[in-house]
>>> print(open('work36.pdb').read())   # PDB, C-alpha atoms, pLDDT in the B column
ATOM      1  CA  MET A   1      -9.974   7.305   9.624  1.00 79.00           C
ATOM      2  CA  THR A   2      -6.772   7.969   7.705  1.00 96.00           C
ATOM      3  CA  ASP A   3      -5.682   6.267   4.492  1.00 98.00           C
ATOM      4  CA  ARG A   4      -3.692   3.204   5.606  1.00 98.00           C
ATOM      5  CA  LEU A   5      -0.655   2.091   3.646  1.00 98.00           C
ATOM      6  CA  PHE A   6       0.817  -1.389   4.081  1.00 98.00           C
ATOM      7  CA  LEU A   7       4.352  -2.133   2.871  1.00 98.00           C
ATOM      8  CA  ILE A   8       6.562  -5.198   3.184  1.00 98.00           C
ATOM      9  CA  ASN A   9       9.783  -4.934   5.167  1.00 98.00           C
ATOM     10  CA  PRO A  10      12.862  -5.447   2.956  1.00 98.00           C
ATOM     11  CA  GLY A  11      15.512  -8.092   3.432  1.00 98.00           C
ATOM     12  CA  TRP A  12      13.294 -11.172   3.562  1.00 97.00           C
ATOM     13  CA  HIS A  13      14.145 -14.672   2.415  1.00 97.00           C
ATOM     14  CA  ASP A  14      11.974 -17.376   0.901  1.00 95.00           C
ATOM     15  CA  ASP A  15      12.429 -20.745  -0.800  1.00 95.00           C
ATOM     16  CA  GLN A  16      13.943 -18.963  -3.820  1.00 97.00           C
ATOM     17  CA  GLY A  17      16.664 -17.275  -1.788  1.00 97.00           C
ATOM     18  CA  GLY A  18      17.053 -13.660  -0.806  1.00 98.00           C
ATOM     19  CA  PRO A  19      17.452 -11.225   0.676  1.00 98.00           C
ATOM     20  CA  TRP A  20      14.595  -9.676  -1.334  1.00 98.00           C
ATOM     21  CA  PHE A  21      12.624  -6.460  -1.435  1.00 98.00           C
ATOM     22  CA  CYS A  22       9.238  -5.771  -3.020  1.00 97.00           C
ATOM     23  CA  PRO A  23       9.660  -3.951  -6.383  1.00 97.00           C
ATOM     24  CA  ALA A  24       6.222  -2.276  -6.276  1.00 97.00           C
ATOM     25  CA  GLY A  25       6.782  -1.319  -2.653  1.00 98.00           C
ATOM     26  CA  SER A  26      10.125   0.250  -3.512  1.00 98.00           C
ATOM     27  CA  VAL A  27       8.351   2.561  -5.969  1.00 97.00           C
ATOM     28  CA  VAL A  28       5.935   3.677  -3.242  1.00 98.00           C
ATOM     29  CA  GLU A  29       8.876   4.074  -0.826  1.00 98.00           C
ATOM     30  CA  GLY A  30      10.525   6.304  -3.438  1.00 97.00           C
ATOM     31  CA  VAL A  31       7.458   8.547  -3.509  1.00 98.00           C
ATOM     32  CA  LEU A  32       7.498   8.708   0.295  1.00 98.00           C
ATOM     33  CA  GLY A  33      11.159   9.713   0.069  1.00 98.00           C
ATOM     34  CA  PHE A  34      10.464  12.437  -2.499  1.00 98.00           C
ATOM     35  CA  TYR A  35       7.468  13.746  -0.520  1.00 98.00           C
ATOM     36  CA  PRO A  36       8.245  13.119   3.178  1.00 98.00           C
ATOM     37  CA  ALA A  37       5.142  15.032   4.334  1.00 97.00           C
ATOM     38  CA  LEU A  38       3.116  12.041   3.107  1.00 98.00           C
ATOM     39  CA  ARG A  39       4.455  10.053   6.057  1.00 98.00           C
ATOM     40  CA  ASP A  40       2.566  12.425   8.366  1.00 97.00           C
ATOM     41  CA  GLN A  41      -0.637  12.226   6.310  1.00 98.00           C
ATOM     42  CA  LEU A  42      -0.875   8.453   5.965  1.00 98.00           C
ATOM     43  CA  GLU A  43      -0.960   5.668   8.513  1.00 98.00           C
ATOM     44  CA  ILE A  44       1.930   3.475   7.353  1.00 98.00           C
ATOM     45  CA  ARG A  45       2.483  -0.075   8.571  1.00 98.00           C
ATOM     46  CA  TYR A  46       5.394  -2.289   7.664  1.00 98.00           C
ATOM     47  CA  LEU A  47       4.718  -6.019   7.618  1.00 98.00           C
ATOM     48  CA  ASP A  48       6.955  -9.043   7.407  1.00 97.00           C
ATOM     49  CA  HIS A  49       6.820 -10.987   4.172  1.00 97.00           C
ATOM     50  CA  PRO A  50       5.301 -14.340   5.225  1.00 96.00           C
ATOM     51  CA  ARG A  51       1.563 -14.780   4.961  1.00 96.00           C
ATOM     52  CA  PRO A  52      -0.927 -14.632   6.499  1.00 98.00           C
ATOM     53  CA  ARG A  53      -0.848 -10.891   7.092  1.00 98.00           C
ATOM     54  CA  PRO A  54      -3.543 -10.363   9.750  1.00 98.00           C
ATOM     55  CA  PRO A  55      -3.641  -6.535   9.691  1.00 97.00           C
ATOM     56  CA  VAL A  56      -4.411  -6.615   5.955  1.00 98.00           C
ATOM     57  CA  ILE A  57      -6.854  -9.524   6.247  1.00 98.00           C
ATOM     58  CA  ASP A  58      -8.783  -7.630   8.942  1.00 98.00           C
ATOM     59  CA  LEU A  59      -9.330  -4.684   6.591  1.00 98.00           C
ATOM     60  CA  VAL A  60      -9.741  -6.192   3.109  1.00 98.00           C
ATOM     61  CA  GLY A  61      -9.971  -9.959   3.515  1.00 98.00           C
ATOM     62  CA  GLU A  62      -7.687 -12.913   2.929  1.00 97.00           C
ATOM     63  CA  ALA A  63      -7.875 -12.691  -0.882  1.00 97.00           C
ATOM     64  CA  HIS A  64      -6.083  -9.328  -0.981  1.00 97.00           C
ATOM     65  CA  GLN A  65      -2.899  -9.749   1.078  1.00 96.00           C
ATOM     66  CA  SER A  66      -0.467  -8.501  -1.573  1.00 97.00           C
ATOM     67  CA  CYS A  67       1.394  -5.332  -0.710  1.00 98.00           C
ATOM     68  CA  PRO A  68       1.814  -2.474  -1.216  1.00 98.00           C
ATOM     69  CA  LEU A  69      -1.805  -1.911  -0.343  1.00 98.00           C
ATOM     70  CA  LEU A  70      -3.569   1.351   0.461  1.00 98.00           C
ATOM     71  CA  VAL A  71      -6.893   1.130   2.309  1.00 98.00           C
ATOM     72  CA  LEU A  72      -8.835   4.295   1.524  1.00 98.00           C
ATOM     73  CA  ASP A  73     -10.508   6.330   4.224  1.00 97.00           C
ATOM     74  CA  GLY A  74     -13.460   7.269   1.979  1.00 95.00           C
ATOM     75  CA  GLU A  75     -12.809  11.016   1.954  1.00 95.00           C
ATOM     76  CA  LEU A  76     -12.059  11.022  -1.785  1.00 95.00           C
ATOM     77  CA  ASP A  77     -14.303   9.022  -4.111  1.00 93.00           C
ATOM     78  CA  TRP A  78     -11.831   7.100  -6.243  1.00 97.00           C
ATOM     79  CA  PRO A  79     -13.464   5.128  -9.083  1.00 96.00           C
ATOM     80  CA  GLU A  80     -10.401   2.930  -9.669  1.00 96.00           C
ATOM     81  CA  ALA A  81     -10.505   1.549  -6.117  1.00 98.00           C
ATOM     82  CA  VAL A  82     -11.361  -2.103  -5.580  1.00 98.00           C
ATOM     83  CA  THR A  83     -14.070  -2.969  -3.063  1.00 98.00           C
ATOM     84  CA  SER A  84     -13.382  -5.918  -0.793  1.00 98.00           C
ATOM     85  CA  ALA A  85     -16.163  -8.499  -0.965  1.00 97.00           C
ATOM     86  CA  ALA A  86     -15.190  -9.607   2.545  1.00 97.00           C
ATOM     87  CA  THR A  87     -15.292  -6.232   4.314  1.00 97.00           C
ATOM     88  CA  GLY A  88     -16.690  -3.619   1.914  1.00 97.00           C
ATOM     89  CA  ARG A  89     -13.596  -1.441   2.298  1.00 98.00           C
ATOM     90  CA  ARG A  90     -12.095   0.205  -0.755  1.00 98.00           C
ATOM     91  CA  PHE A  91      -8.413  -0.188  -1.530  1.00 98.00           C
ATOM     92  CA  LEU A  92      -5.653   0.108  -4.128  1.00 98.00           C
ATOM     93  CA  GLN A  93      -2.614  -2.071  -4.741  1.00 98.00           C
ATOM     94  CA  ASP A  94       0.789  -1.651  -6.351  1.00 97.00           C
ATOM     95  CA  GLU A  95       1.241   1.221  -8.839  1.00 91.00           C
ATOM     96  CA  ALA A  96      -2.514   2.016  -8.737  1.00 97.00           C
ATOM     97  CA  ILE A  97      -1.698   3.772  -5.461  1.00 98.00           C
ATOM     98  CA  LEU A  98       0.367   6.517  -7.134  1.00 98.00           C
ATOM     99  CA  PRO A  99      -2.385   8.388  -9.050  1.00 97.00           C
ATOM    100  CA  TYR A 100      -4.504   8.416  -5.912  1.00 98.00           C
ATOM    101  CA  LEU A 101      -1.670   9.907  -3.839  1.00 98.00           C
ATOM    102  CA  ALA A 102      -1.174  12.579  -6.489  1.00 98.00           C
ATOM    103  CA  ALA A 103      -4.871  13.499  -6.568  1.00 97.00           C
ATOM    104  CA  ARG A 104      -5.450  13.375  -2.841  1.00 97.00           C
ATOM    105  CA  TYR A 105      -2.183  14.756  -1.483  1.00 98.00           C
ATOM    106  CA  GLY A 106      -0.821  16.819  -4.349  1.00 97.00           C
ATOM    107  CA  VAL A 107       2.373  14.851  -4.979  1.00 98.00           C
ATOM    108  CA  GLY A 108       3.828  14.266  -8.428  1.00 97.00           C
ATOM    109  CA  LEU A 109       3.090  11.428 -10.820  1.00 95.00           C
ATOM    110  CA  PRO A 110       5.603   9.209 -12.582  1.00 92.00           C
ATOM    111  CA  HIS A 111       6.542  10.542 -15.987  1.00 91.00           C
ATOM    112  CA  PRO A 112       4.798   8.542 -18.750  1.00 91.00           C
TER     113      PRO A 112
END
>>> encode(input="work36.pdb", output="structure tokens")
Amino acid sequence: MTDRLFLINPGWHDDQGGPWFCPAGSVVEGVLGFYPALRDQLEIRYLDHPRPRPPVIDLVGEAHQSCPLLVLDGELDWPEAVTSAATGRRFLQDEAILPYLAARYGVGLPHP
């Protein structure tokens, strides 16, 4: 299995207006832009904004549908990963994804 990254498509609308994009997802997109080889190393899926998000629910359960979300393949033991009570899979969300990508794939980290 490959690490699976889920991101929300930009340009969505909701009851507060729009078009919107996901701020945390835009940071991860920026890293993918800086390090395009990551796109070949990860399985990346883009989802529409409305919930439910079945591909995410299938892997980590209904309680963890927020994106960006990275489902780990288990090759690198990552202590900061969350374990899904529903499925037992380990995952990271939002900016917690960035240190993992740096450690696993050798990309840079955000400057402190």
>>> atom_distance(input="work36.pdb", atom1="atom CA of A:Ile57", atom2="atom CA of A:Glu80")
20.5 Å
>>> resolve_selection(input="work36.pdb", expression="the PyMOL selection byres ((chain A and resi 92) around 7)", output="PyMOL selection string")
chain A and resi 69-71+81-82+91+93+96-97
>>> closest_residue(input="work36.pdb", among="A:Pro50, A:Arg104, A:Arg90, A:Leu5", to="A:Leu76", atoms="all atoms listed in the file")
A:Arg104
>>> closest_residue(input="work36.pdb", among="A:Thr2, A:Gln65, A:Pro112, A:Val31", to="A:Pro52", atoms="all atoms listed in the file")
A:Gln65
>>> closest_residue(input="work36.pdb", among="A:Ala37, A:Ala86, A:Leu47, A:Ala103", to="A:Pro68", atoms="all atoms listed in the file")
A:Leu47
>>> atom_distance(input="work36.pdb", atom1="atom CA of A:His49", atom2="atom CA of A:Pro79")
29.1 Å
>>> resolve_selection(input="work36.pdb", expression="the PyMOL selection byres ((chain A and resi 108-111) around 8)", output="ChimeraX atom specification")
/A:98-99,102,106-107,112
>>> closest_residue(input="work36.pdb", among="A:Gly25, A:Pro55, A:Gly74, A:Gly30", to="A:Met1", atoms="only C-alpha atoms")
A:Gly74
